[in-house]
file entry.txt (compact mmCIF, C-alpha atoms)
# COMPACT_ATOMS: atom_id res chain seq x y z
CA MET A 1 76.33 82.77 120.71
CA ALA A 2 74.78 85.17 118.18
CA TRP A 3 77.93 84.88 116.05
CA ALA A 4 77.45 81.11 115.82
CA VAL A 5 73.88 81.55 114.56
CA ALA A 6 75.01 84.21 112.04
CA LEU A 7 77.88 82.02 110.82
CA GLY A 8 75.55 79.05 110.50
CA MET A 9 73.12 81.14 108.45
CA THR A 10 75.97 82.35 106.22
CA TRP A 11 77.19 78.82 105.52
CA ALA A 12 73.62 77.57 105.06
CA GLY A 13 73.42 79.98 102.12
CA CYS A 14 76.28 78.01 100.55
CA ALA A 15 74.22 74.87 100.06
CA GLN A 16 75.41 72.23 97.66
CA ALA A 17 74.15 72.42 94.09
CA THR A 18 74.73 69.69 91.55
CA ASP A 19 74.96 69.84 87.80
CA GLY A 20 76.42 66.38 87.23
CA GLU A 21 79.80 67.45 85.84
CA PRO A 22 82.85 66.44 87.97
CA LEU A 23 84.78 69.41 89.33
CA ARG A 24 88.56 69.48 89.71
CA ILE A 25 90.15 69.47 93.16
CA THR A 26 93.67 69.89 91.78
CA ARG A 27 94.92 70.69 88.30
CA ASP A 28 94.89 66.96 87.41
CA SER A 29 92.31 65.35 89.70
CA THR A 30 88.56 65.34 90.31
CA GLU A 31 88.76 63.07 93.36
CA PHE A 32 90.99 62.14 96.27
CA VAL A 33 90.94 58.82 98.14
CA VAL A 34 91.26 58.91 101.93
CA HIS A 35 92.01 55.64 103.70
CA THR A 36 89.73 55.57 106.74
CA PRO A 37 89.34 52.81 109.37
CA SER A 38 86.13 51.83 107.53
CA GLY A 39 87.91 51.59 104.19
CA PRO A 40 88.61 53.96 101.30
CA LEU A 41 86.49 57.10 101.07
CA VAL A 42 86.44 59.14 97.87
CA ILE A 43 86.40 62.92 98.32
CA LYS A 44 84.90 64.86 95.43
CA ARG A 45 84.06 68.51 94.88
CA SER A 46 80.47 69.64 94.39
CA LYS A 47 79.38 72.99 93.06
CA THR A 48 77.92 75.21 95.78
CA ALA A 49 75.99 78.45 95.68
CA CYS A 50 79.05 80.20 97.17
CA GLY A 51 81.73 78.66 95.02
CA ALA A 52 82.36 78.74 91.31
CA GLY A 53 82.69 75.43 89.55
CA LYS A 54 85.61 76.62 87.42
CA GLY A 55 89.24 76.30 88.47
CA PHE A 56 90.68 74.11 91.18
CA VAL A 57 91.88 74.56 94.74
CA GLN A 58 94.89 76.89 94.74
CA ALA A 59 97.96 76.50 96.91
CA LEU A 60 98.00 78.71 100.00
CA VAL A 61 101.39 80.04 98.85
CA PRO A 62 101.29 80.51 95.05
CA GLN A 63 105.02 81.37 94.77
CA ALA A 64 107.82 80.68 97.25
CA GLY A 65 108.25 83.71 99.51
CA VAL A 66 104.71 85.10 99.04
CA THR A 67 102.86 85.57 102.35
CA PRO A 68 99.36 84.10 102.72
CA VAL A 69 96.94 86.38 104.60
CA THR A 70 93.51 86.12 106.20
CA GLU A 71 90.68 88.62 106.33
CA ILE A 72 92.20 90.25 109.44
CA GLU A 73 95.44 91.08 107.59
CA VAL A 74 93.45 92.30 104.57
CA LEU A 75 91.44 94.64 106.83
CA HIS A 76 94.66 96.13 108.25
CA ALA A 77 96.20 96.43 104.76
CA LEU A 78 93.20 98.47 103.59
CA ASN A 79 94.34 101.30 105.91
CA ASP A 80 98.08 100.96 105.23
CA PRO A 81 99.20 103.82 102.94
CA ALA A 82 102.19 101.76 101.75
CA THR A 83 100.06 98.78 100.66
CA MET A 84 97.73 98.25 97.72
CA VAL A 85 95.02 95.62 98.05
CA ILE A 86 94.48 94.55 94.43
CA ASP A 87 91.43 92.85 92.95
CA MET A 88 93.02 90.90 90.07
CA ARG A 89 89.81 89.61 88.50
CA ASP A 90 89.72 90.20 84.76
CA GLU A 91 86.20 91.64 84.75
CA ASP A 92 85.35 95.02 83.24
CA GLU A 93 85.00 97.99 85.59
CA PRO A 94 83.05 98.73 87.60
CA LEU A 95 83.05 95.43 89.43
CA LYS A 96 79.66 94.48 90.85
CA THR A 97 81.16 93.84 94.28
CA THR A 98 84.65 94.09 95.66
CA ILE A 99 86.54 94.72 98.88
CA PRO A 100 86.27 98.37 99.98
CA ASN A 101 89.34 100.54 99.29
CA SER A 102 90.83 97.96 96.90
CA TYR A 103 92.28 98.70 93.48
CA HIS A 104 91.34 96.82 90.30
CA ILE A 105 94.22 95.70 88.10
CA PRO A 106 93.26 92.61 86.08
CA TYR A 107 95.85 89.84 86.36
CA ASN A 108 96.39 89.82 82.60
CA GLU A 109 97.30 93.54 82.59
CA LEU A 110 99.82 93.52 85.46
CA GLU A 111 102.93 93.02 83.31
CA ASP A 112 102.27 96.33 81.54
CA ARG A 113 101.13 98.27 84.62
CA LEU A 114 103.89 97.70 87.15
CA ASP A 115 104.45 101.47 87.21
CA VAL A 116 101.31 101.90 89.33
CA LEU A 117 102.89 99.48 91.84
CA GLY A 118 106.02 101.60 92.22
CA CYS A 119 108.21 99.91 89.60
CA GLN A 120 110.10 101.83 86.95
CA ARG A 121 110.18 100.65 83.32
CA LEU A 122 113.73 100.20 82.06
CA SER A 123 113.20 98.93 78.51
CA GLY A 124 110.77 96.58 76.79
CA LYS A 125 109.52 94.25 79.51
CA SER A 126 112.33 95.05 81.95
CA TRP A 127 111.41 96.71 85.24
CA ASP A 128 113.23 98.05 88.29
CA CYS A 129 111.01 97.13 91.25
CA ARG A 130 113.31 98.11 94.12
CA ARG A 131 110.79 100.79 95.18
CA ALA A 132 107.69 98.62 94.70
CA VAL A 133 104.83 98.93 97.15
CA ASN A 134 103.51 96.06 99.26
CA ILE A 135 100.52 94.38 97.63
CA VAL A 136 97.74 92.04 98.73
CA ALA A 137 96.42 90.11 95.73
CA PHE A 138 93.00 88.45 95.52
CA CYS A 139 90.44 87.30 92.95
CA HIS A 140 87.25 85.21 93.02
CA GLY A 141 88.29 82.77 95.75
CA PRO A 142 90.14 79.55 96.61
CA MET A 143 89.60 78.00 93.15
CA CYS A 144 90.46 81.13 91.15
CA LEU A 145 93.56 80.96 88.94
CA GLN A 146 93.75 84.69 88.23
CA SER A 147 95.63 86.19 91.18
CA PRO A 148 98.12 83.26 91.34
CA ALA A 149 98.78 83.78 87.60
CA GLY A 150 99.17 87.53 88.14
CA ILE A 151 101.57 86.97 91.03
CA ALA A 152 103.63 84.54 88.93
CA SER A 153 103.88 87.05 86.08
CA ILE A 154 105.12 89.95 88.22
CA VAL A 155 107.56 87.72 90.12
CA ARG A 156 109.04 86.65 86.75
CA LEU A 157 109.56 90.35 85.98
CA GLY A 158 111.43 90.93 89.24
CA TYR A 159 108.73 92.06 91.66
CA PRO A 160 110.04 91.28 95.17
CA VAL A 161 108.13 88.28 96.60
CA GLY A 162 108.63 89.72 100.08
CA LYS A 163 106.29 92.56 99.10
CA ILE A 164 103.48 90.26 97.93
CA ALA A 165 100.70 88.87 100.12
CA TYR A 166 98.00 86.52 98.80
CA TYR A 167 94.42 86.42 100.05
CA ARG A 168 93.37 83.04 98.64
CA GLY A 169 89.86 83.32 100.11
CA GLY A 170 89.08 86.22 97.78
CA MET A 171 85.53 87.38 97.19
CA THR A 172 84.06 83.94 97.92
CA ASP A 173 85.26 83.92 101.53
CA TRP A 174 84.87 87.69 102.02
CA GLU A 175 81.19 87.55 101.07
CA ALA A 176 80.55 84.22 102.86
CA LEU A 177 81.73 85.88 106.07
CA GLY A 178 79.30 88.73 105.49
CA LEU A 179 82.01 91.40 105.25
CA THR A 180 81.08 94.71 103.62
CA THR A 181 81.49 95.03 99.85
CA VAL A 182 81.31 98.03 97.52
CA ILE A 183 80.64 98.64 93.84
CA GLY A 184 83.73 99.68 91.92
CA ASN A 185 87.28 100.25 93.13
CA ARG A 186 89.53 102.95 94.45
CA PRO A 187 90.99 105.04 91.59
CA LEU A 188 94.59 104.20 90.70
CA ASN A 189 95.66 107.85 90.73
CA SER A 190 95.44 107.76 94.54
CA ARG A 191 97.86 104.84 94.88
CA PRO A 192 100.42 104.71 97.69
CA VAL A 193 103.78 106.37 97.12
CA PRO A 194 106.71 104.07 97.94

call {"tool": "encode", "arguments": {"input": "entry.txt", "output": "structure tokens"}}
result
Amino acid sequence: MAWAVALGMTWAGCAQATDGEPLRITRDSTEFVVHTPSGPLVIKRSKTACGAGKGFVQALVPQAGVTPVTEIEVLHALNDPATMVIDMRDEDEPLKTTIPNSYHIPYNELEDRLDVLGCQRLSGKSWDCRRAVNIVAFCHGPMCLQSPAGIASIVRLGYPVGKIAYYRGGMTDWEALGLTTVIGNRPLNSRPVP
């Protein structure tokens, strides 16, 4: 029963805030019509204290073959020496809050830093990722474009999709659930060895 009160208090902190500007639900839409027994109902997105207004709702699977994960799988991955949980937000270090034991590799730097994920540079932008580590990618939350863009870029370069998990909830859901956060990230020189 105490968990229900705590969860209710957490979600109460995510109250709706309005600024008048329509927010996107998908890349191309700010509303969705649901046909109910009482007639059409328009679903719109409102800015909340817990959710950024930028972006739009991301697919649960950003690339075919990528595994979506929940907080439980992220927690287990944090202790897996063969997995790197990667905060792909493009903010400068140190991050104000992040998931404990995660690494910070901004999504727009991934293409040049695949070596820290166990890939070997062949030439130019060519990589051999046969020995790549498992990764769990996250960013701001369900509307954030950064980790899906980062995943797309490394998949294009040959990173095995079977070694990529995506935590769409990101920092928005992690913090809304009241899970522990830290300042800064784990240093990259202590990365897993494939």

call {"tool": "atom_distance", "arguments": {"input": "entry.txt", "atom1": "CA of Ile151 in chain A", "atom2": "CA of Ile86 in chain A"}}
result
10.9 Å

call {"tool": "closest_atom_pairs", "arguments": {"input": "entry.txt", "of": "range 57-87 of chain A", "to": "range 129-143 of chain A", "cutoff": "10 Å", "atoms": "all atoms listed in the file", "output": "Markdown table"}}
result
| residue | atom | partner | partner_atom | distance |
| --- | --- | --- | --- | --- |
| A:Val57 | CA | A:Met143 | CA | 4.4 |
| A:Gln58 | CA | A:Met143 | CA | 5.6 |
| A:Ala59 | CA | A:Pro142 | CA | 8.4 |
| A:Leu60 | CA | A:Pro142 | CA | 8.6 |
| A:Val66 | CA | A:Val136 | CA | 9.8 |
| A:Thr67 | CA | A:Val136 | CA | 9.0 |
| A:Pro68 | CA | A:Val136 | CA | 9.0 |
| A:Val69 | CA | A:Val136 | CA | 8.2 |
| A:Glu73 | CA | A:Val136 | CA | 9.2 |
| A:Val74 | CA | A:Val136 | CA | 7.3 |
| A:Ala77 | CA | A:Val136 | CA | 7.6 |
| A:Leu78 | CA | A:Val136 | CA | 9.3 |
| A:Asp80 | CA | A:Asn134 | CA | 9.4 |
| A:Pro81 | CA | A:Val133 | CA | 9.4 |
| A:Ala82 | CA | A:Val133 | CA | 6.0 |
| A:Thr83 | CA | A:Asn134 | CA | 4.6 |
| A:Met84 | CA | A:Ile135 | CA | 4.8 |
| A:Val85 | CA | A:Val136 | CA | 4.5 |
| A:Ile86 | CA | A:Ala137 | CA | 5.0 |
| A:Asp87 | CA | A:Phe138 | CA | 5.3 |

call {"tool": "closest_residue", "arguments": {"input": "entry.txt", "among": "A:Asp90, A:Lys125, A:Pro62, A:Leu110", "to": "Tyr167 in chain A", "atoms": "all atoms listed in the file"}}
result
A:Pro62

call {"tool": "atom_distance", "arguments": {"input": "entry.txt", "atom1": "CA of Gly162 in chain A", "atom2": "CA of Gln63 in chain A"}}
result
10.5 Å

call {"tool": "atom_distance", "arguments": {"input": "entry.txt", "atom1": "CA of Gly169 in chain A", "atom2": "CA of Leu157 in chain A"}}
result
25.2 Å

call {"tool": "residues_around", "arguments": {"input": "entry.txt", "residues": "Asn185 in chain A", "least_positions_apart": "2", "cutoff": "7 Å", "atoms": "all atoms listed in the file", "output": "number ranges by chain"}}
result
A: 101-104, 183, 187

call {"tool": "closest_residue", "arguments": {"input": "entry.txt", "among": "A:Thr98, A:Ser153, A:Gln146, A:Ser123", "to": "Thr172 in chain A", "atoms": "only C-alpha atoms"}}
result
A:Thr98

call {"tool": "closest_residue", "arguments": {"input": "entry.txt", "among": "A:Val155, A:Met171, A:Val161, A:Leu117", "to": "Leu188 in chain A", "atoms": "all atoms listed in the file"}}
result
A:Leu117
